[in-house]
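Q: my_file.cif is reproduced below (mmCIF, C-alpha atoms).
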```cif
data_coords
#
loop_
_atom_site.label_atom_id
_atom_site.label_comp_id
_atom_site.auth_asym_id
_atom_site.auth_seq_id
_atom_site.Cartn_x
_atom_site.Cartn_y
_atom_site.Cartn_z
CA MET A 1 82.92 -30.25 -73.73
CA ASN A 2 85.84 -29.72 -71.38
CA GLU A 3 86.85 -32.65 -69.21
CA ILE A 4 85.78 -32.32 -65.58
CA ASP A 5 88.57 -32.04 -63.01
CA PHE A 6 86.75 -34.15 -60.44
CA TYR A 7 89.34 -33.61 -57.71
CA SER A 8 88.87 -29.83 -57.75
CA GLU A 9 85.07 -29.86 -57.77
CA THR A 10 82.98 -29.15 -54.68
CA SER A 11 81.59 -32.05 -52.67
CA ASP A 12 78.05 -31.07 -53.67
CA PHE A 13 78.94 -31.22 -57.35
CA LYS A 14 80.67 -34.57 -56.85
CA LYS A 15 77.47 -35.79 -55.21
CA ILE A 16 75.46 -34.86 -58.32
CA ILE A 17 77.93 -36.67 -60.57
CA LEU A 18 77.92 -39.80 -58.40
CA GLU A 19 74.12 -39.91 -58.17
CA SER A 20 73.96 -39.60 -61.95
CA ARG A 21 76.63 -42.18 -62.74
CA LEU A 22 75.60 -44.64 -60.01
CA GLY A 23 71.83 -44.45 -60.32
CA ASN A 24 71.27 -47.84 -58.72
CA ARG A 25 72.74 -46.63 -55.41
CA GLY A 26 69.72 -44.49 -54.47
CA ASN A 27 70.00 -40.96 -53.07
CA CYS A 28 73.10 -39.51 -51.47
CA ILE A 29 72.10 -38.45 -47.95
CA SER A 30 75.40 -37.35 -46.42
CA ILE A 31 79.02 -36.58 -47.25
CA MET A 32 82.00 -37.16 -44.98
CA SER A 33 85.64 -36.24 -45.46
CA GLY A 34 88.35 -38.58 -44.20
CA MET A 35 92.13 -38.44 -44.12
CA CYS A 36 92.56 -39.71 -47.69
CA GLY A 37 89.14 -39.64 -49.29
CA GLU A 38 85.54 -38.49 -49.32
CA ILE A 39 82.66 -40.79 -48.38
CA PHE A 40 79.23 -40.35 -49.98
CA VAL A 41 76.51 -42.24 -48.10
CA PHE A 42 73.58 -43.53 -50.18
CA ASP A 43 70.11 -44.59 -49.05
CA GLN A 44 68.81 -47.41 -51.24
CA GLY A 45 65.37 -47.49 -49.62
CA GLN A 46 63.80 -49.27 -46.67
CA ASN A 47 63.03 -52.39 -48.70
CA THR A 48 66.71 -52.93 -49.56
CA PHE A 49 69.11 -54.89 -47.36
CA PRO A 50 71.45 -53.55 -46.35
CA ARG A 51 69.70 -50.23 -46.82
CA TYR A 52 72.77 -48.00 -46.77
CA SER A 53 75.87 -48.10 -48.91
CA CYS A 54 78.68 -45.62 -49.42
CA VAL A 55 80.98 -44.64 -52.24
CA LYS A 56 84.54 -43.62 -51.51
CA VAL A 57 86.65 -41.48 -53.83
CA PRO A 58 90.19 -40.22 -53.21
CA LYS A 59 90.68 -36.55 -52.52
CA PRO A 60 93.55 -34.17 -53.37
CA LEU A 61 96.65 -34.48 -51.23
CA ARG A 62 99.19 -31.73 -50.85
CA ASP A 63 102.31 -32.22 -52.98
CA VAL A 64 100.94 -35.48 -54.44
CA THR A 65 100.08 -35.78 -58.15
CA TYR A 66 96.68 -36.98 -59.33
CA GLU A 67 98.37 -40.06 -60.75
CA GLU A 68 99.94 -40.92 -57.40
CA ILE A 69 96.66 -40.24 -55.57
CA ALA A 70 94.95 -42.80 -57.81
CA ASN A 71 97.82 -45.26 -57.31
CA ARG A 72 97.58 -44.96 -53.53
CA PHE A 73 93.82 -45.38 -53.60
CA ILE A 74 94.05 -48.53 -55.71
CA ARG A 75 96.74 -49.88 -53.41
CA GLU A 76 94.42 -49.17 -50.43
CA LEU A 77 91.62 -51.13 -52.11
CA GLU A 78 93.94 -54.00 -52.99
CA LEU A 79 95.15 -54.23 -49.41
CA GLN A 80 91.60 -54.14 -48.07
CA LEU A 81 90.50 -56.85 -50.51
CA SER A 82 93.28 -59.06 -49.20
CA PHE A 83 91.43 -59.06 -45.87
CA TYR A 84 88.23 -60.50 -47.34
CA HIS A 85 85.93 -62.07 -46.15
CA SER A 86 85.57 -61.35 -42.43
CA THR A 87 82.29 -60.42 -40.77
CA PHE A 88 84.25 -57.80 -38.84
CA VAL A 89 86.07 -56.14 -41.78
CA ASN A 90 84.45 -53.99 -44.46
CA TRP A 91 85.51 -54.39 -48.07
CA ALA A 92 84.27 -53.12 -51.42
CA PHE A 93 81.60 -54.89 -53.43
CA ASP A 94 81.99 -52.79 -56.60
CA PHE A 95 84.45 -50.50 -58.37
CA ASN A 96 83.96 -47.76 -60.96
CA THR A 97 85.85 -45.02 -62.75
CA ILE A 98 84.11 -41.64 -62.36
CA GLU A 99 85.51 -38.80 -64.50
CA ASN A 100 88.96 -40.44 -64.57
CA VAL A 101 88.92 -40.97 -60.81
CA PRO A 102 88.73 -44.43 -59.17
CA SER A 103 85.84 -45.12 -56.82
CA ALA A 104 84.78 -48.00 -54.60
CA SER A 105 81.38 -48.95 -53.19
CA PHE A 106 80.99 -50.39 -49.69
CA ARG A 107 78.18 -51.43 -47.41
CA TYR A 108 77.54 -48.71 -44.84
CA TRP A 109 75.46 -51.08 -42.73
CA ASN A 110 73.79 -49.13 -39.88
CA GLY A 111 76.19 -46.20 -39.65
CA ASP A 112 79.43 -45.68 -37.75
CA LEU A 113 80.29 -46.37 -34.13
CA GLY A 114 80.77 -42.69 -33.27
CA ARG A 115 77.19 -41.85 -34.16
CA PHE A 116 75.91 -45.10 -32.66
CA MET A 117 77.50 -44.29 -29.28
CA LEU A 118 75.85 -40.87 -29.23
CA GLU A 119 72.40 -42.09 -30.21
CA ASN A 120 72.08 -45.19 -28.01
CA ASP A 121 72.25 -46.11 -24.33
CA LEU A 122 74.55 -49.13 -24.58
CA SER A 123 74.77 -51.91 -22.01
CA ASN A 124 78.12 -53.03 -20.60
CA ILE A 125 77.87 -56.28 -22.57
CA THR A 126 77.33 -54.33 -25.80
CA LYS A 127 80.35 -52.12 -25.10
CA LEU A 128 82.55 -55.09 -24.31
CA SER A 129 81.36 -57.09 -27.31
CA PHE A 130 81.94 -54.13 -29.64
CA THR A 131 85.55 -53.91 -28.48
CA LEU A 132 85.93 -57.68 -28.83
CA TYR A 133 84.63 -57.64 -32.41
CA ILE A 134 87.07 -54.84 -33.30
CA CYS A 135 89.85 -57.08 -31.97
CA ALA A 136 88.58 -60.01 -34.04
CA GLY A 137 88.62 -57.85 -37.17
CA LEU A 138 92.13 -56.57 -36.49
CA LYS A 139 93.40 -60.07 -35.77
CA HIS A 140 92.01 -61.23 -39.12
CA CYS A 141 93.82 -58.38 -40.89
CA TYR A 142 97.12 -58.86 -39.07
CA GLU A 143 97.17 -62.51 -40.13
CA ARG A 144 96.88 -61.30 -43.75
CA GLY A 145 99.54 -58.61 -43.87
CA LEU A 146 98.29 -55.54 -42.01
CA ASN A 147 101.05 -53.86 -40.03
CA SER A 148 98.95 -50.99 -38.67
CA HIS A 149 95.55 -49.59 -39.62
CA GLN A 150 96.95 -46.24 -38.48
CA ASP A 151 93.56 -44.46 -38.36
CA LEU A 152 91.45 -46.57 -36.04
CA LYS A 153 88.62 -44.46 -34.57
CA PRO A 154 84.85 -44.74 -34.06
CA ALA A 155 84.13 -42.99 -37.38
CA ASN A 156 86.08 -45.75 -39.16
CA ILE A 157 84.20 -48.57 -37.44
CA LEU A 158 80.78 -49.42 -38.84
CA VAL A 159 77.92 -50.99 -36.91
CA LYS A 160 76.03 -54.01 -38.19
CA ASP A 161 72.84 -54.00 -36.13
CA ASN A 162 71.67 -57.59 -36.34
CA TYR A 163 68.70 -56.84 -34.08
CA LYS A 164 67.26 -54.74 -36.92
CA ASN A 165 68.43 -57.03 -39.69
CA PHE A 166 67.27 -60.37 -38.27
CA THR A 167 64.35 -61.59 -36.19
CA ASN A 168 64.15 -64.04 -33.29
CA LEU A 169 67.69 -63.48 -31.99
CA PRO A 170 68.27 -64.43 -28.35
CA LYS A 171 67.83 -61.54 -25.93
CA LEU A 172 71.55 -61.00 -25.45
CA ASP A 173 73.41 -57.72 -26.00
CA ILE A 174 76.05 -59.21 -28.32
CA TYR A 175 74.50 -58.83 -31.77
CA HIS A 176 75.72 -55.35 -32.63
CA PHE A 177 78.77 -56.23 -34.73
CA ALA A 178 81.71 -53.88 -35.25
CA VAL A 179 83.07 -53.71 -38.80
CA ILE A 180 86.49 -52.12 -39.41
CA ALA A 181 86.51 -49.73 -42.37
CA ASP A 182 88.62 -47.11 -44.19
CA PHE A 183 92.09 -48.47 -44.79
CA GLY A 184 93.37 -45.27 -46.43
CA LEU A 185 96.35 -45.03 -44.06
CA ALA A 186 96.90 -48.75 -43.55
CA ASN A 187 100.63 -49.57 -43.69
CA ALA A 188 101.21 -45.99 -44.93
CA SER A 189 104.23 -45.53 -42.67
CA ILE A 190 105.92 -48.40 -44.51
CA ASP A 191 104.71 -47.67 -48.02
CA TYR A 192 104.88 -43.85 -48.10
CA ASN A 193 106.69 -42.78 -44.92
CA VAL A 194 103.39 -41.24 -43.78
CA PHE A 195 102.71 -41.43 -40.04
CA ASP A 196 99.49 -39.42 -39.95
CA GLY A 197 96.31 -40.42 -38.16
CA SER A 198 93.47 -38.77 -36.25
CA ARG A 199 95.08 -36.84 -33.39
CA PRO A 200 93.01 -38.09 -30.42
CA TYR A 201 93.88 -41.67 -31.38
CA MET A 202 97.51 -41.32 -32.51
CA ALA A 203 100.06 -43.41 -30.63
CA PRO A 204 103.36 -41.92 -29.39
CA GLU A 205 105.30 -43.62 -32.19
CA GLN A 206 103.11 -41.90 -34.79
CA TRP A 207 103.95 -38.48 -33.34
CA LYS A 208 107.63 -39.37 -33.17
CA LYS A 209 107.62 -40.97 -36.67
CA GLU A 210 109.08 -44.18 -35.28
CA PRO A 211 108.31 -47.68 -36.64
CA LEU A 212 104.64 -48.61 -36.30
CA SER A 213 103.19 -52.03 -35.57
CA ASN A 214 100.05 -53.83 -34.42
CA ALA A 215 100.65 -52.15 -31.06
CA THR A 216 99.96 -48.76 -32.67
CA ASP A 217 96.36 -49.87 -33.21
CA VAL A 218 96.21 -51.18 -29.63
CA PHE A 219 96.82 -47.62 -28.41
CA ALA A 220 93.93 -46.30 -30.55
CA LEU A 221 91.77 -49.19 -29.40
CA GLY A 222 92.52 -48.25 -25.79
CA VAL A 223 91.08 -44.78 -26.46
CA ILE A 224 88.01 -46.29 -28.16
CA PHE A 225 87.46 -48.78 -25.33
CA TYR A 226 87.60 -45.92 -22.82
CA GLU A 227 85.15 -43.88 -24.91
CA LEU A 228 82.74 -46.80 -24.98
CA ILE A 229 82.71 -47.48 -21.26
CA THR A 230 82.52 -43.76 -20.34
CA ASN A 231 79.86 -42.86 -22.91
CA GLY A 232 82.10 -40.69 -25.05
CA TYR A 233 84.87 -39.38 -22.79
CA HIS A 234 88.46 -39.34 -24.03
CA PRO A 235 91.20 -40.26 -21.54
CA ILE A 236 92.51 -36.70 -21.86
CA GLY A 237 89.49 -35.70 -19.76
CA ILE A 238 86.89 -34.27 -22.18
CA LEU A 239 83.68 -35.42 -23.81
CA LEU A 240 85.42 -35.72 -27.15
CA ASN A 241 82.46 -35.05 -29.46
CA ASP A 242 81.98 -31.63 -27.80
CA TYR A 243 85.49 -30.50 -28.73
CA TRP A 244 86.76 -32.49 -31.71
CA PRO A 245 86.98 -32.31 -34.67
CA GLU A 246 85.04 -29.05 -34.23
CA PRO A 247 84.07 -27.51 -30.87
CA LYS A 248 80.35 -27.31 -30.13
CA ASN A 249 78.29 -24.82 -28.08
CA GLY A 250 81.10 -22.30 -27.81
CA ASN A 251 83.61 -24.76 -26.36
CA SER A 252 87.32 -24.01 -26.55
CA LYS A 253 89.20 -24.63 -29.80
CA LYS A 254 92.14 -25.92 -27.77
CA TYR A 255 91.62 -29.52 -28.86
CA THR A 256 91.59 -28.68 -32.56
CA ARG A 257 95.31 -27.89 -32.24
CA LYS A 258 97.86 -30.65 -32.39
CA GLU A 259 99.82 -29.24 -29.43
CA SER A 260 97.07 -30.31 -27.01
CA TRP A 261 97.32 -33.93 -28.13
CA GLU A 262 101.12 -33.93 -28.28
CA ASN A 263 101.24 -32.58 -24.73
CA TRP A 264 98.94 -35.36 -23.54
CA ILE A 265 101.28 -37.91 -25.12
CA ASN A 266 104.40 -36.21 -23.74
CA ASN A 267 102.86 -36.25 -20.26
CA GLY A 268 102.39 -40.02 -20.38
CA ALA A 269 98.97 -40.40 -22.09
CA LYS A 270 97.39 -40.71 -18.66
CA ILE A 271 93.70 -41.06 -17.90
CA ASN A 272 93.05 -37.57 -16.52
CA HIS A 273 89.39 -37.71 -15.61
CA CYS A 274 87.07 -40.64 -15.09
CA PRO A 275 83.45 -39.40 -15.14
CA ILE A 276 81.85 -42.64 -14.00
CA SER A 277 82.68 -45.47 -11.63
CA ILE A 278 84.73 -48.11 -13.47
CA GLU A 279 86.29 -51.27 -12.11
CA PRO A 280 89.94 -50.58 -11.21
CA LYS A 281 91.10 -53.61 -13.23
CA ILE A 282 89.51 -52.13 -16.38
CA ILE A 283 91.17 -48.75 -15.84
CA PHE A 284 94.48 -50.51 -15.19
CA PHE A 285 94.14 -52.56 -18.38
CA ILE A 286 93.26 -49.53 -20.51
CA SER A 287 96.26 -47.73 -19.02
CA LYS A 288 98.43 -50.61 -20.28
CA MET A 289 96.89 -50.24 -23.74
CA LEU A 290 97.88 -46.55 -23.60
CA SER A 291 101.49 -47.29 -22.61
CA ILE A 292 104.01 -44.89 -24.12
CA ASN A 293 106.33 -47.79 -24.89
CA SER A 294 104.60 -49.93 -27.53
CA SER A 295 106.21 -53.12 -26.21
CA ASP A 296 104.38 -52.62 -22.89
CA ARG A 297 100.95 -52.77 -24.51
CA PRO A 298 98.96 -56.03 -24.49
CA SER A 299 98.57 -58.02 -27.69
CA ILE A 300 95.27 -58.32 -29.53
CA GLU A 301 94.94 -61.87 -28.19
CA GLU A 302 95.48 -60.69 -24.62
CA ILE A 303 92.86 -57.99 -25.06
CA MET A 304 90.37 -60.54 -26.39
CA ASP A 305 91.00 -62.82 -23.41
CA PHE A 306 90.49 -59.90 -21.01
CA LEU A 307 87.22 -58.88 -22.68
CA LEU A 308 85.90 -62.44 -22.69
CA GLU A 309 86.67 -62.68 -18.98
CA LEU A 310 84.69 -59.49 -18.34
CA ILE A 311 81.76 -60.71 -20.43
CA LYS A 312 81.76 -64.04 -18.61
CA SER A 313 81.67 -62.28 -15.24
CA GLU A 314 78.52 -60.41 -16.33
CA SER A 315 76.70 -63.11 -18.30
CA GLU A 316 77.68 -66.75 -18.70
CA GLN A 317 75.15 -67.12 -21.51
CA SER A 318 76.57 -64.16 -23.43
CA PHE A 319 80.07 -65.54 -22.96
CA ILE A 320 79.14 -68.96 -24.37
CA GLN A 321 77.28 -67.46 -27.33
CA ILE A 322 79.97 -64.93 -28.25
CA LYS A 323 82.69 -67.57 -28.09
CA SER A 324 80.59 -69.67 -30.46
CA LEU A 325 80.09 -66.71 -32.81
CA LEU A 326 83.81 -65.92 -32.97
CA THR A 327 84.68 -69.54 -33.70
CA HIS A 328 81.96 -69.78 -36.36
CA PHE A 329 83.03 -66.65 -38.24
CA GLU A 330 86.70 -67.59 -38.07
CA GLU A 331 85.92 -70.99 -39.57
CA GLN A 332 83.74 -69.38 -42.26
CA SER A 333 86.55 -67.14 -43.48
CA PRO A 334 87.28 -68.23 -47.08
CA LYS A 335 90.43 -70.23 -47.69
CA THR A 336 90.27 -69.75 -51.48
CA PRO A 337 91.48 -66.70 -53.50
CA ILE A 338 88.97 -63.92 -54.01
CA GLU A 339 88.87 -64.56 -57.75
CA ASP A 340 87.35 -67.96 -56.97
CA SER A 341 85.05 -66.97 -54.10
CA TRP A 342 83.89 -63.58 -55.43
CA PRO A 343 84.65 -63.50 -59.18
CA TYR A 344 82.54 -60.38 -59.90
CA VAL A 345 84.39 -58.29 -57.30
CA SER A 346 87.75 -59.61 -58.48
CA ALA A 347 86.95 -58.88 -62.14
CA LYS A 348 85.75 -55.33 -61.42
CA PHE A 349 88.85 -54.55 -59.38
CA ASN A 350 91.17 -55.94 -62.06
CA GLU A 351 89.34 -53.77 -64.60
CA LEU A 352 89.89 -50.71 -62.39
CA LYS A 353 93.61 -51.48 -62.05
CA HIS A 354 93.90 -52.05 -65.78
CA ASN A 355 92.22 -48.71 -66.57
CA PHE A 356 94.61 -46.72 -64.44
CA LYS A 357 97.68 -48.69 -65.47
CA ASN A 358 96.92 -47.87 -69.09
CA SER A 359 96.26 -44.19 -68.32
CA GLN A 360 99.72 -43.63 -66.85
#
```
Would you put the structure from the file into structure tokens?

A:
Amino acid sequence: MNEIDFYSETSDFKKIILESRLGNRGNCISIMSGMCGEIFVFDQGQNTFPRYSCVKVPKPLRDVTYEEIANRFIRELELQLSFYHSTFVNWAFDFNTIENVPSASFRYWNGDLGRFMLENDLSNITKLSFTLYICAGLKHCYERGLNSHQDLKPANILVKDNYKNFTNLPKLDIYHFAVIADFGLANASIDYNVFDGSRPYMAPEQWKKEPLSNATDVFALGVIFYELITNGYHPIGILLNDYWPEPKNGNSKKYTRKESWENWINNGAKINHCPISIEPKIIFFISKMLSINSSDRPSIEEIMDFLLELIKSESEQSFIQIKSLLTHFEEQSPKTPIEDSWPYVSAKFNELKHNFKNSQ
């Protein structure tokens, strides 16, 4: 039998192979394509917690050999494992080789933030706490070697809905946790001279191919924060999901072209249309996050302080509880190497690395 060229197969055929080879994952219910890989979401049944998981495999890249694609994917996984174990950062719990292609399994929790925003009427406290948890996850990663995630967007932020997962929680809107995922482009500007990202969230320095930093993610976070508080509007002035990545209901294809986003950057990345009434200090702060000059953007710590101040002004009880949660999870972050804390995960990853090192 001829060997399968997994990279060249259709997504539907890959789904069949993954369901067959990973029978304990349940049924594949959706397929998503990212910048560097494909994500296959599996439903493990309503009696399983967490119910949803996903399997990521690398996908073909133009002018990049299969060997290098595998190397980059393994490097992505290694970097992501170095950020273990934060409540606000997603990392793989298993690794497998599928038809000579590396794969990694992750918790998918309760879906991604993009879908969650569309399907739910979120309170101000929920929106603020989401943004705060994203900051906490980024801060954890920066302290462990992340220079720039480089593809921060709602689709790459998972939602851990603790209201569904646990009973008897206090009636506060702070228990939807944000979990940062998909590190396919993390530090890519340094490692591969790749400055790509998702156009609506790309910072000026990504377009100009200038050195990236933590501040690059702050720009993307500014867009996400604005989307959250405006129920899906991008600062460029459109309801983003109606135009990007594919226009809906006959809308213009203008925003599928990179020129539209480059022009927005070149014109100062200004907030062009505000569809709802927002406190001037919030608009001003988001404008700082969207500064063209990266050195003018606030730090992650400054953003967290600002968000905590806003939460406190709305609910003293929420403020006290969320401060306690952040302190608790920071203290719970393991201080020992992953091979000691999670030996199974470490062993499976070392096996994956060994397999591809020997195949080269």

Q: If I put a ball of radius 8 Å at (90.8, -30.7, -18.8) in the file's coordinates, which residues poke into it when counting all atoms listed in the file, written as a compact mmCIF listing (two decimals) with C-alpha atoms, keeping the file's coordinate frame?

A:
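File written: result.txt
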```txt
# COMPACT_ATOMS: atom_id res chain seq x y z
CA ILE A 236 92.51 -36.70 -21.86
CA GLY A 237 89.49 -35.70 -19.76
CA ILE A 238 86.89 -34.27 -22.18
CA ASN A 272 93.05 -37.57 -16.52
CA HIS A 273 89.39 -37.71 -15.61
```

Q: Pick the closest to A:Arg51 from A:Tyr108, A:Tyr226, A:Tyr84, A:Phe95: which is it, counting all atoms listed in the file?

A: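 When distances to A:Arg51 are compared using all atoms listed in the file, the smallest one comes from A:Tyr108.
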
Q: What does the PyMOL selection byres ((chain A and resi 125) around 8) select in this file, as a ChimeraX atom specification?

A: /A:123-124,126-129,173-174,311,314

Q: Under the rule that all atoms listed in the file are counted, which of A:Glu143, A:Asp161, A:Asp5, A:Asp63 is the nearest residue to A:Phe130?

A: A:Asp161

Q: Rounded to one decimal place, report the atom CA of A:Lys59-atom CA of A:Val89 distance in Å.

A: 22.8 Å

Q: From the list A:Asp112, A:Glu205, A:Glu227, A:Glu78, which residue is nearest A:Ala178 when using only C-alpha atoms?

A: A:Asp112

Q: Need the shell around A:Ser30: protein/DNA/RNA residues with any atom at most 8 Å away, counting all atoms listed in the file. Skip same-chain ones fewer than 4 positions apart. Format as number ranges by chain?

A: A: 40-42

Q: Counting all atoms listed in the file, figure out which residue out of A:Asn96, A:Asn156, A:Asn187, A:Asn214 gets nearest to A:Gly111.

A: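 Nearest candidate to A:Gly111 out of A:Asn96, A:Asn156, A:Asn187, A:Asn214: A:Asn156.
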
Q: Show which residues sit within 9 Å of A:Val345, as a PyMOL selection string. Count all atoms listed in the file, and ignore same-chain residues fewer than 6 positions away.

A: chain A and resi 92-95+338-339

Q: Please report, as CSV, each residue of stretch 106-182 of chain A lying at most 10 Å from stretch 33-36 of chain A, together with the nearest pair of atoms and the separation in Å rounded to one decimal; use only C-alpha atoms, and order rows by chain and ascending residue number.

A:
```
residue,atom,partner,partner_atom,distance
A:Asp151,CA,A:Met35,CA,8.5
A:Ala155,CA,A:Gly34,CA,9.2
A:Asn156,CA,A:Gly34,CA,9.1
A:Asp182,CA,A:Gly34,CA,8.5
```

Q: Output C-alpha atoms for every residue in the selection just made, as a PDB file, keeping the file's coordinate frame.

A:
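The result, written out as selection.pdb:
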```
ATOM      1  CA  ASP A 151      93.560 -44.460 -38.360  1.00  0.00           C
ATOM      2  CA  ALA A 155      84.130 -42.990 -37.380  1.00  0.00           C
ATOM      3  CA  ASN A 156      86.080 -45.750 -39.160  1.00  0.00           C
ATOM      4  CA  ASP A 182      88.620 -47.110 -44.190  1.00  0.00           C
TER       5      ASP A 182
END
```

Q: With 12 Å as the threshold, what does the neighbourhood of (95.2, -35.6, -51.8) contain in terms of residues, counting all atoms listed in the file? Coordinates are those of the file; answer as number ranges by chain.

A: A: 7-8, 33-38, 57-73, 184

Q: Running the PyMOL selection byres ((chain A and resi 269) around 10) on this model by hand, what would come out? Give it as a list in words.

A: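 With the PyMOL selection byres ((chain A and resi 269) around 10) on this model, the match is Ala203, Pro204, Phe219, Pro235, Ile236, Trp261, Glu262, Asn263, Trp264, Ile265, Asn266, Asn267, Gly268, Lys270, Ile271, Asn272, Ser287, Leu290, Ser291 and Ile292 of chain A.
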
Q: Counting all atoms listed in the file, which residue out of A:Phe116, A:Leu172, A:Ala188, A:His328 sits closest to A:Glu316?

A: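 For A:Glu316, the nearest of the given residues is A:Leu172.
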
Q: In Å, with one decimal, what is the gap from atom CA of A:Ser277 to atom CA of A:Ser294?

A: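 Going from atom CA of A:Ser277 over to atom CA of A:Ser294, I get 27.4 Å.
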
Q: Fewer than 6 positions away in the same chain doesn't count, so skip those; otherwise give me all residues within 9 Å of A:Ser333, counting all atoms listed in the file, as a CSV table (one decimal) with C-alpha atoms, keeping the file's coordinate frame.

A:
```csv
chain,number,residue,atom,x,y,z
A,84,TYR,CA,88.2,-60.5,-47.3
A,85,HIS,CA,85.9,-62.1,-46.2
A,86,SER,CA,85.6,-61.4,-42.4
A,87,THR,CA,82.3,-60.4,-40.8
```

Q: Once you count only C-alpha atoms, what closest atom pair and distance in Å to one decimal does each residue of stretch 129-158 of chain A within 10 Å of stretch 196-199 of chain A have, with rows by chain and rising residue number, as a Markdown table?

A:
```
| residue | atom | partner | partner_atom | distance |
| --- | --- | --- | --- | --- |
| A:His149 | CA | A:Gly197 | CA | 9.3 |
| A:Gln150 | CA | A:Gly197 | CA | 5.9 |
| A:Asp151 | CA | A:Gly197 | CA | 4.9 |
| A:Leu152 | CA | A:Ser198 | CA | 8.1 |
| A:Lys153 | CA | A:Ser198 | CA | 7.7 |
```

Q: Near stretch 22-27 of chain A, counting only C-alpha atoms, which residues have an atom at most 8 Å away, once you skip same-chain residues fewer than 6 positions from it, shown as a VMD selection string?

A: chain A and resid 42 to 45 53

Q: Output C-alpha atoms for every residue in that selection, as a compact mmCIF listing (two decimals), keeping the file's coordinate frame.

A:
```txt
# COMPACT_ATOMS: atom_id res chain seq x y z
CA PHE A 42 73.58 -43.53 -50.18
CA ASP A 43 70.11 -44.59 -49.05
CA GLN A 44 68.81 -47.41 -51.24
CA GLY A 45 65.37 -47.49 -49.62
CA SER A 53 75.87 -48.10 -48.91
```

Q: I'd like the interatomic distance between atom CA of A:Asn90 and atom CA of A:Ala104, to a tenth of an Å.

A: 11.8 Å

Q: For each of A:Met202, A:Asn147, A:Pro280, A:His176, take the minimum atom-to-atom distance to A:Ile190, counting only C-alpha atoms, then give the residue where this is smallest.

A: A:Asn147

Q: Name the residues in contact with A:Ile286 at a cut-off of 12 Å, using all atoms listed in the file, excluding same-chain residues fewer than 6 positions from it; report them as a PDB file with C-alpha atoms, in the frame of the given file.

A:
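Written out: selection_26.pdb:
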```pdb
ATOM      1  CA  THR A 131      85.550 -53.910 -28.480  1.00  0.00           C
ATOM      2  CA  VAL A 218      96.210 -51.180 -29.630  1.00  0.00           C
ATOM      3  CA  PHE A 219      96.820 -47.620 -28.410  1.00  0.00           C
ATOM      4  CA  ALA A 220      93.930 -46.300 -30.550  1.00  0.00           C
ATOM      5  CA  LEU A 221      91.770 -49.190 -29.400  1.00  0.00           C
ATOM      6  CA  GLY A 222      92.520 -48.250 -25.790  1.00  0.00           C
ATOM      7  CA  VAL A 223      91.080 -44.780 -26.460  1.00  0.00           C
ATOM      8  CA  ILE A 224      88.010 -46.290 -28.160  1.00  0.00           C
ATOM      9  CA  PHE A 225      87.460 -48.780 -25.330  1.00  0.00           C
ATOM     10  CA  TYR A 226      87.600 -45.920 -22.820  1.00  0.00           C
ATOM     11  CA  GLU A 227      85.150 -43.880 -24.910  1.00  0.00           C
ATOM     12  CA  LEU A 228      82.740 -46.800 -24.980  1.00  0.00           C
ATOM     13  CA  ILE A 229      82.710 -47.480 -21.260  1.00  0.00           C
ATOM     14  CA  HIS A 234      88.460 -39.340 -24.030  1.00  0.00           C
ATOM     15  CA  PRO A 235      91.200 -40.260 -21.540  1.00  0.00           C
ATOM     16  CA  ALA A 269      98.970 -40.400 -22.090  1.00  0.00           C
ATOM     17  CA  LYS A 270      97.390 -40.710 -18.660  1.00  0.00           C
ATOM     18  CA  ILE A 271      93.700 -41.060 -17.900  1.00  0.00           C
ATOM     19  CA  ILE A 278      84.730 -48.110 -13.470  1.00  0.00           C
ATOM     20  CA  GLU A 279      86.290 -51.270 -12.110  1.00  0.00           C
ATOM     21  CA  PRO A 280      89.940 -50.580 -11.210  1.00  0.00           C
ATOM     22  CA  ASP A 296     104.380 -52.620 -22.890  1.00  0.00           C
ATOM     23  CA  ARG A 297     100.950 -52.770 -24.510  1.00  0.00           C
ATOM     24  CA  PRO A 298      98.960 -56.030 -24.490  1.00  0.00           C
ATOM     25  CA  ILE A 303      92.860 -57.990 -25.060  1.00  0.00           C
ATOM     26  CA  PHE A 306      90.490 -59.900 -21.010  1.00  0.00           C
ATOM     27  CA  LEU A 307      87.220 -58.880 -22.680  1.00  0.00           C
TER      28      LEU A 307
END
```
